[in-house]
file start-v5.txt (compact mmCIF, C-alpha atoms and all ligand atoms)
# COMPACT_ATOMS: atom_id res chain seq x y z
CA MET A 7 167.22 7.44 110.61
CA LYS A 8 164.72 7.65 113.35
CA VAL A 9 161.08 6.98 112.46
CA SER A 10 158.56 8.64 114.68
CA ARG A 11 155.60 6.75 115.94
CA ARG A 12 153.38 9.08 113.87
CA ASP A 13 155.32 8.37 110.63
CA PHE A 14 155.24 4.65 111.32
CA PHE A 15 151.46 4.79 111.84
CA ILE A 16 150.89 6.76 108.59
CA LYS A 17 153.11 4.44 106.54
CA THR A 18 151.35 1.40 107.96
CA ILE A 19 147.93 2.79 107.03
CA GLN A 20 149.12 3.72 103.51
CA GLY A 21 150.55 0.24 103.00
CA GLY A 22 147.29 -1.33 104.13
CA ILE A 23 145.28 0.75 101.70
CA ILE A 24 147.57 -0.17 98.80
CA LEU A 25 147.41 -3.87 99.69
CA ALA A 26 143.63 -3.79 100.15
CA LEU A 27 142.88 -1.85 96.93
CA PRO A 28 143.09 -4.76 94.45
CA GLY A 29 140.80 -6.81 96.67
CA ALA A 30 138.28 -4.01 96.98
CA LEU A 31 138.29 -3.29 93.26
CA GLY A 32 138.40 -6.92 92.22
CA PRO A 33 134.64 -7.44 91.78
CA PHE A 34 134.36 -4.12 89.93
CA LEU A 35 137.25 -4.92 87.61
CA GLU A 36 135.86 -8.40 87.04
CA SER A 37 132.45 -7.02 86.05
CA CYS A 38 134.06 -4.60 83.60
CA LYS A 39 136.35 -7.15 82.03
CA ASN A 40 134.02 -7.75 79.11
CA ASN A 41 132.68 -4.24 78.96
CA ILE A 42 134.76 -2.88 76.13
CA THR A 43 133.18 -4.55 73.15
CA GLY A 44 130.31 -2.17 72.35
CA PRO A 45 130.59 -0.40 69.01
CA ALA A 46 130.74 3.36 69.28
CA GLY A 47 128.03 5.60 67.92
CA SER A 48 124.90 4.42 66.19
CA ASN A 49 124.14 2.66 62.95
CA LEU A 50 120.39 2.25 63.33
CA SER A 51 118.14 4.35 61.12
CA THR A 52 115.69 6.43 63.08
CA VAL A 53 112.02 6.79 62.29
CA GLN A 54 109.59 9.21 63.86
CA GLY A 55 106.45 7.64 65.26
CA THR A 56 103.35 9.39 66.53
CA THR A 57 101.70 8.64 69.83
CA SER A 58 98.00 7.83 69.78
CA GLY A 59 96.70 6.96 73.21
CA THR A 60 98.73 3.97 74.37
CA ASN A 61 99.91 3.22 70.83
CA VAL A 62 102.77 4.42 68.71
CA VAL A 63 102.01 4.56 65.00
CA VAL A 64 104.81 4.44 62.46
CA SER A 65 104.82 4.33 58.69
CA ILE A 66 106.05 1.14 57.07
CA GLY A 67 105.36 2.36 53.54
CA SER A 68 107.88 1.88 50.76
CA SER A 69 109.98 4.90 51.82
CA SER A 70 110.27 3.73 55.42
CA PRO A 71 113.64 2.30 56.58
CA ILE A 72 111.74 -0.72 57.89
CA ALA A 73 109.69 -1.35 54.73
CA ASN A 74 111.88 -4.24 53.58
CA THR A 75 112.40 -7.51 55.37
CA GLY A 76 115.73 -7.83 57.17
CA THR A 77 115.72 -4.23 58.34
CA ALA A 78 115.61 -2.60 61.75
CA ALA A 79 115.25 0.92 63.09
CA LEU A 80 114.95 3.00 66.20
CA VAL A 81 111.47 4.48 66.35
CA ASN A 82 111.33 7.72 68.31
CA PHE A 83 108.12 9.15 69.68
CA SER A 84 107.16 11.97 72.02
CA ASN A 85 108.22 10.33 75.26
CA GLY A 86 110.51 7.49 74.30
CA SER A 87 111.73 5.15 71.64
CA VAL A 88 111.50 1.48 70.68
CA LEU A 89 113.54 -0.82 68.50
CA VAL A 90 111.65 -2.31 65.57
CA ASP A 91 112.82 -5.13 63.34
CA HIS A 92 111.14 -6.66 60.33
CA PRO A 93 112.32 -10.28 59.96
CA SER A 94 109.72 -11.49 57.46
CA THR A 95 106.67 -10.35 55.51
CA SER A 96 104.09 -8.75 57.81
CA VAL A 97 106.13 -9.66 60.91
CA TYR A 98 107.45 -6.79 63.00
CA ASN A 99 108.99 -7.00 66.47
CA ALA A 100 108.96 -3.97 68.74
CA LEU A 101 111.37 -4.02 71.67
CA SER A 102 112.39 -1.68 74.42
CA SER A 103 115.48 0.27 73.39
CA ILE A 104 116.69 0.45 76.98
CA CYS A 105 119.38 -2.11 77.70
CA THR A 106 118.59 -4.35 80.65
CA HIS A 107 122.19 -4.20 81.87
CA GLN A 108 122.61 -0.61 83.00
CA GLY A 109 119.99 1.29 81.03
CA CYS A 110 121.91 2.59 78.01
CA GLN A 111 119.94 3.21 74.85
CA ILE A 112 120.57 0.56 72.23
CA THR A 113 121.49 2.26 68.98
CA ASN A 114 123.30 -0.39 66.99
CA PHE A 115 122.28 -3.31 64.82
CA ASP A 116 124.60 -6.00 63.52
CA SER A 117 122.96 -6.97 60.24
CA GLY A 118 125.40 -9.87 59.82
CA SER A 119 124.13 -11.67 62.90
CA ASN A 120 120.72 -9.92 63.10
CA GLN A 121 121.39 -8.71 66.60
CA PHE A 122 120.90 -5.44 68.39
CA VAL A 123 124.08 -4.31 70.14
CA CYS A 124 124.30 -2.03 73.15
CA PRO A 125 126.98 0.63 72.66
CA CYS A 126 127.88 0.78 76.34
CA HIS A 127 129.21 -2.69 77.17
CA GLY A 128 128.43 -4.80 74.13
CA SER A 129 125.38 -6.78 75.20
CA ARG A 130 123.62 -8.38 72.25
CA PHE A 131 119.95 -9.20 71.76
CA ASP A 132 118.27 -11.25 69.05
CA LEU A 133 115.29 -10.04 66.99
CA ASN A 134 112.93 -11.06 69.79
CA GLY A 135 114.94 -9.25 72.45
CA ASN A 136 116.55 -12.33 73.99
CA VAL A 137 120.08 -11.92 75.32
CA THR A 138 122.67 -13.60 73.11
CA GLN A 139 125.66 -12.02 74.84
CA GLY A 140 125.96 -10.36 78.24
CA PRO A 141 126.67 -8.60 80.45
CA ALA A 142 122.88 -8.03 80.22
CA GLY A 143 121.06 -10.86 81.94
CA ALA A 144 117.44 -10.18 81.01
CA PRO A 145 115.63 -9.86 77.68
CA LEU A 146 114.36 -6.58 76.26
CA GLN A 147 110.69 -5.90 76.89
CA LYS A 148 108.64 -6.81 73.85
CA PHE A 149 105.57 -4.87 72.73
CA GLN A 150 102.58 -6.09 70.77
CA THR A 151 102.47 -4.98 67.13
CA THR A 152 99.73 -4.84 64.52
CA VAL A 153 100.08 -4.05 60.81
CA SER A 154 97.33 -1.91 59.36
CA GLY A 155 97.89 -1.04 55.71
CA SER A 156 101.10 0.97 55.53
CA GLN A 157 101.20 1.59 59.26
CA LEU A 158 102.65 -0.34 62.13
CA ILE A 159 100.84 0.07 65.43
CA ILE A 160 102.91 -0.61 68.53
CA LYS A 161 101.04 -1.05 71.78
CA ILE A 162 103.26 0.53 74.44
CA GLY A 163 100.75 0.83 77.26
S1 LIG B 1 124.15 -0.93 79.52
FE1 LIG B 1 125.77 -2.37 79.71
S2 LIG B 1 125.58 -3.62 77.96
FE2 LIG B 1 123.98 -2.21 77.78
call {"tool": "encode", "arguments": {"input": "start-v5.txt", "output": "structure tokens"}}
result
Amino acid sequence: MKVSRRDFFIKTIQGGIILALPGALGPFLESCKNNITGPAGSNLSTVQGTTSGTNVVVSIGSSSPIANTGTAALVNFSNGSVLVDHPSTSVYNALSSICTHQGCQITNFDSGSNQFVCPCHGSRFDLNGNVTQGPAGAPLQKFQTTVSGSQLIIKIG
């Protein structure tokens, strides 16, 4: 069978692409290797907060999902949301809900390990927003909180 110069050229190019593909995708595949551990969906309770100037105000009264110690919730407000956890009496942490890896919203909480879990690629953050498991490499932004009676005031600005 005679192979034309054109066919030879096309087959050579195709072979080169096939051989080069694993090398080109290698870094991408490597970065995704651990990216299948995020739990699907959301298990965090949501609470509606109200914006007041640069603050978000949320109820922490007895009916609030974050009234008891050891709880956490996603607090939604008019133009965003924050994660709030309540590790001990009168102590509340407010953290950005935007994962520092690729910007997914964090919607899961592992109450066994007290860690927030990103649903996209499984990054984990402790109650202060520090990374405990990547791929995220930076902590969640933390916001100042103040308890005033049955309200939690989160300074977002
Ligand atoms: S966006 Fe990738 S782990 Fe959160």
call {"tool": "residues_near_ligand", "arguments": {"input": "start-v5.txt", "ligand": "ligand LIG 1 (chain B)", "cutoff": "8 Å", "atoms": "only C-alpha atoms and all ligand atoms", "output": "ChimeraX atom specification"}}
result
/A:41,44,104-112,123-130,140-142
call {"tool": "closest_residue", "arguments": {"input": "start-v5.txt", "among": "A:Thr77, A:Ser84, A:Thr152, A:Asn136", "to": "A:Ser58", "atoms": "all atoms listed in the file"}}
result
A:Ser84
call {"tool": "atom_distance", "arguments": {"input": "start-v5.txt", "atom1": "atom CA of A:Val64", "atom2": "atom CA of A:Leu158"}}
result
5.3 Å
call {"tool": "atom_distance", "arguments": {"input": "start-v5.txt", "atom1": "atom CA of A:Ser156", "atom2": "atom CA of A:Phe122"}}
result
24.5 Å
call {"tool": "closest_residue", "arguments": {"input": "start-v5.txt", "among": "A:Gln147, A:Asn74, A:Phe131, A:Ala79", "to": "A:Val53", "atoms": "all atoms listed in the file"}}
result
A:Ala79
call {"tool": "residues_around", "arguments": {"input": "start-v5.txt", "residues": "A:Ser65", "least_positions_apart": "4", "cutoff": "10 Å", "atoms": "only C-alpha atoms", "output": "count of residues only"}}
result
16
call {"tool": "atom_distance", "arguments": {"input": "start-v5.txt", "atom1": "atom CA of A:Ser117", "atom2": "atom CA of A:Ser87"}}
result
20.1 Å
call {"tool": "closest_residue", "arguments": {"input": "start-v5.txt", "among": "A:Thr113, A:Thr52, A:Thr151, A:Ser119", "to": "A:Gly76", "atoms": "all atoms listed in the file"}}
result
A:Ser119
call {"tool": "residues_around", "arguments": {"input": "start-v5.txt", "residues": "A:Gly59", "least_positions_apart": "3", "cutoff": "10 Å", "atoms": "all atoms listed in the file", "output": "PyMOL selection string"}}
result
chain A and resi 56+62+161-163
call {"tool": "decode", "arguments": {"input": "start-v5.txt", "residues": "stretch 131-145 of chain A", "atoms": "all heavy atoms", "output": "PDB file, in the first residue's frame"}}
result
ATOM      1  N   PHE A 131     -11.546  23.366  56.626  1.00  0.00           N
ATOM      2  CA  PHE A 131     -11.115  24.535  57.398  1.00  0.00           C
ATOM      3  C   PHE A 131     -11.573  24.344  58.838  1.00  0.00           C
ATOM      4  O   PHE A 131     -12.699  23.901  59.090  1.00  0.00           O
ATOM      5  CB  PHE A 131     -11.748  25.805  56.819  1.00  0.00           C
ATOM      6  CG  PHE A 131     -11.418  26.033  55.372  1.00  0.00           C
ATOM      7  CD1 PHE A 131     -12.201  25.466  54.371  1.00  0.00           C
ATOM      8  CD2 PHE A 131     -10.326  26.802  55.002  1.00  0.00           C
ATOM      9  CE1 PHE A 131     -11.907  25.670  53.024  1.00  0.00           C
ATOM     10  CE2 PHE A 131     -10.019  27.016  53.651  1.00  0.00           C
ATOM     11  CZ  PHE A 131     -10.810  26.444  52.666  1.00  0.00           C
ATOM     12  N   ASP A 132     -10.705  24.710  59.785  1.00  0.00           N
ATOM     13  CA  ASP A 132     -11.104  24.595  61.188  1.00  0.00           C
ATOM     14  C   ASP A 132     -12.034  25.751  61.582  1.00  0.00           C
ATOM     15  O   ASP A 132     -12.397  26.584  60.751  1.00  0.00           O
ATOM     16  CB  ASP A 132      -9.874  24.473  62.100  1.00  0.00           C
ATOM     17  CG  ASP A 132      -9.050  25.752  62.191  1.00  0.00           C
ATOM     18  OD1 ASP A 132      -9.540  26.848  61.804  1.00  0.00           O
ATOM     19  OD2 ASP A 132      -7.896  25.662  62.667  1.00  0.00           O
ATOM     20  N   LEU A 133     -12.418  25.794  62.842  1.00  0.00           N
ATOM     21  CA  LEU A 133     -13.408  26.780  63.301  1.00  0.00           C
ATOM     22  C   LEU A 133     -12.914  28.218  63.208  1.00  0.00           C
ATOM     23  O   LEU A 133     -13.702  29.159  63.307  1.00  0.00           O
ATOM     24  CB  LEU A 133     -13.840  26.460  64.734  1.00  0.00           C
ATOM     25  CG  LEU A 133     -14.530  25.108  64.921  1.00  0.00           C
ATOM     26  CD1 LEU A 133     -14.865  24.874  66.380  1.00  0.00           C
ATOM     27  CD2 LEU A 133     -15.790  25.016  64.044  1.00  0.00           C
ATOM     28  N   ASN A 134     -11.611  28.391  63.035  1.00  0.00           N
ATOM     29  CA  ASN A 134     -11.046  29.730  62.848  1.00  0.00           C
ATOM     30  C   ASN A 134     -10.728  30.018  61.386  1.00  0.00           C
ATOM     31  O   ASN A 134     -10.124  31.039  61.074  1.00  0.00           O
ATOM     32  CB  ASN A 134      -9.782  29.890  63.706  1.00  0.00           C
ATOM     33  CG  ASN A 134     -10.128  30.021  65.169  1.00  0.00           C
ATOM     34  OD1 ASN A 134     -10.846  30.944  65.556  1.00  0.00           O
ATOM     35  ND2 ASN A 134      -9.655  29.100  65.982  1.00  0.00           N
ATOM     36  N   GLY A 135     -11.094  29.090  60.506  1.00  0.00           N
ATOM     37  CA  GLY A 135     -10.884  29.303  59.077  1.00  0.00           C
ATOM     38  C   GLY A 135      -9.535  28.844  58.567  1.00  0.00           C
ATOM     39  O   GLY A 135      -9.228  29.026  57.381  1.00  0.00           O
ATOM     40  N   ASN A 136      -8.720  28.221  59.413  1.00  0.00           N
ATOM     41  CA  ASN A 136      -7.418  27.742  58.946  1.00  0.00           C
ATOM     42  C   ASN A 136      -7.575  26.463  58.129  1.00  0.00           C
ATOM     43  O   ASN A 136      -8.413  25.621  58.458  1.00  0.00           O
ATOM     44  CB  ASN A 136      -6.492  27.468  60.144  1.00  0.00           C
ATOM     45  CG  ASN A 136      -6.232  28.722  60.942  1.00  0.00           C
ATOM     46  OD1 ASN A 136      -5.847  29.752  60.391  1.00  0.00           O
ATOM     47  ND2 ASN A 136      -6.479  28.659  62.241  1.00  0.00           N
ATOM     48  N   VAL A 137      -6.767  26.335  57.097  1.00  0.00           N
ATOM     49  CA  VAL A 137      -6.831  25.143  56.248  1.00  0.00           C
ATOM     50  C   VAL A 137      -6.321  23.937  57.023  1.00  0.00           C
ATOM     51  O   VAL A 137      -5.240  23.970  57.613  1.00  0.00           O
ATOM     52  CB  VAL A 137      -5.971  25.332  54.975  1.00  0.00           C
ATOM     53  CG1 VAL A 137      -5.981  24.059  54.125  1.00  0.00           C
ATOM     54  CG2 VAL A 137      -6.444  26.523  54.169  1.00  0.00           C
ATOM     55  N   THR A 138      -7.113  22.877  57.037  1.00  0.00           N
ATOM     56  CA  THR A 138      -6.649  21.615  57.633  1.00  0.00           C
ATOM     57  C   THR A 138      -6.432  20.563  56.557  1.00  0.00           C
ATOM     58  O   THR A 138      -5.795  19.557  56.809  1.00  0.00           O
ATOM     59  CB  THR A 138      -7.661  21.081  58.674  1.00  0.00           C
ATOM     60  OG1 THR A 138      -8.918  20.890  58.028  1.00  0.00           O
ATOM     61  CG2 THR A 138      -7.816  22.052  59.837  1.00  0.00           C
ATOM     62  N   GLN A 139      -7.015  20.803  55.387  1.00  0.00           N
ATOM     63  CA  GLN A 139      -6.790  19.907  54.242  1.00  0.00           C
ATOM     64  C   GLN A 139      -7.002  20.686  52.960  1.00  0.00           C
ATOM     65  O   GLN A 139      -8.011  21.382  52.820  1.00  0.00           O
ATOM     66  CB  GLN A 139      -7.772  18.720  54.301  1.00  0.00           C
ATOM     67  CG  GLN A 139      -7.654  17.773  53.098  1.00  0.00           C
ATOM     68  CD  GLN A 139      -8.658  16.650  53.163  1.00  0.00           C
ATOM     69  OE1 GLN A 139      -8.649  15.879  54.121  1.00  0.00           O
ATOM     70  NE2 GLN A 139      -9.531  16.555  52.178  1.00  0.00           N
ATOM     71  N   GLY A 140      -6.055  20.592  52.038  1.00  0.00           N
ATOM     72  CA  GLY A 140      -6.151  21.269  50.760  1.00  0.00           C
ATOM     73  C   GLY A 140      -7.122  20.564  49.838  1.00  0.00           C
ATOM     74  O   GLY A 140      -7.790  19.636  50.258  1.00  0.00           O
ATOM     75  N   PRO A 141      -7.233  21.031  48.622  1.00  0.00           N
ATOM     76  CA  PRO A 141      -6.253  21.837  47.905  1.00  0.00           C
ATOM     77  C   PRO A 141      -6.192  23.326  48.272  1.00  0.00           C
ATOM     78  O   PRO A 141      -5.287  24.013  47.812  1.00  0.00           O
ATOM     79  CB  PRO A 141      -6.650  21.670  46.432  1.00  0.00           C
ATOM     80  CG  PRO A 141      -8.108  21.357  46.472  1.00  0.00           C
ATOM     81  CD  PRO A 141      -8.313  20.556  47.727  1.00  0.00           C
ATOM     82  N   ALA A 142      -7.114  23.873  49.024  1.00  0.00           N
ATOM     83  CA  ALA A 142      -7.013  25.295  49.393  1.00  0.00           C
ATOM     84  C   ALA A 142      -5.688  25.520  50.121  1.00  0.00           C
ATOM     85  O   ALA A 142      -5.246  24.669  50.902  1.00  0.00           O
ATOM     86  CB  ALA A 142      -8.183  25.684  50.284  1.00  0.00           C
ATOM     87  N   GLY A 143      -5.081  26.666  49.854  1.00  0.00           N
ATOM     88  CA  GLY A 143      -3.788  26.947  50.465  1.00  0.00           C
ATOM     89  C   GLY A 143      -3.814  28.133  51.397  1.00  0.00           C
ATOM     90  O   GLY A 143      -2.809  28.448  52.031  1.00  0.00           O
ATOM     91  N   ALA A 144      -4.948  28.811  51.487  1.00  0.00           N
ATOM     92  CA  ALA A 144      -5.034  30.018  52.319  1.00  0.00           C
ATOM     93  C   ALA A 144      -6.253  29.923  53.235  1.00  0.00           C
ATOM     94  O   ALA A 144      -7.260  29.296  52.875  1.00  0.00           O
ATOM     95  CB  ALA A 144      -5.147  31.250  51.431  1.00  0.00           C
ATOM     96  N   PRO A 145      -6.177  30.540  54.402  1.00  0.00           N
ATOM     97  CA  PRO A 145      -7.310  30.485  55.331  1.00  0.00           C
ATOM     98  C   PRO A 145      -8.496  31.302  54.828  1.00  0.00           C
ATOM     99  O   PRO A 145      -8.359  32.162  53.970  1.00  0.00           O
ATOM    100  CB  PRO A 145      -6.738  31.090  56.617  1.00  0.00           C
ATOM    101  CG  PRO A 145      -5.620  31.971  56.170  1.00  0.00           C
ATOM    102  CD  PRO A 145      -5.061  31.332  54.927  1.00  0.00           C
TER     103      PRO A 145
END
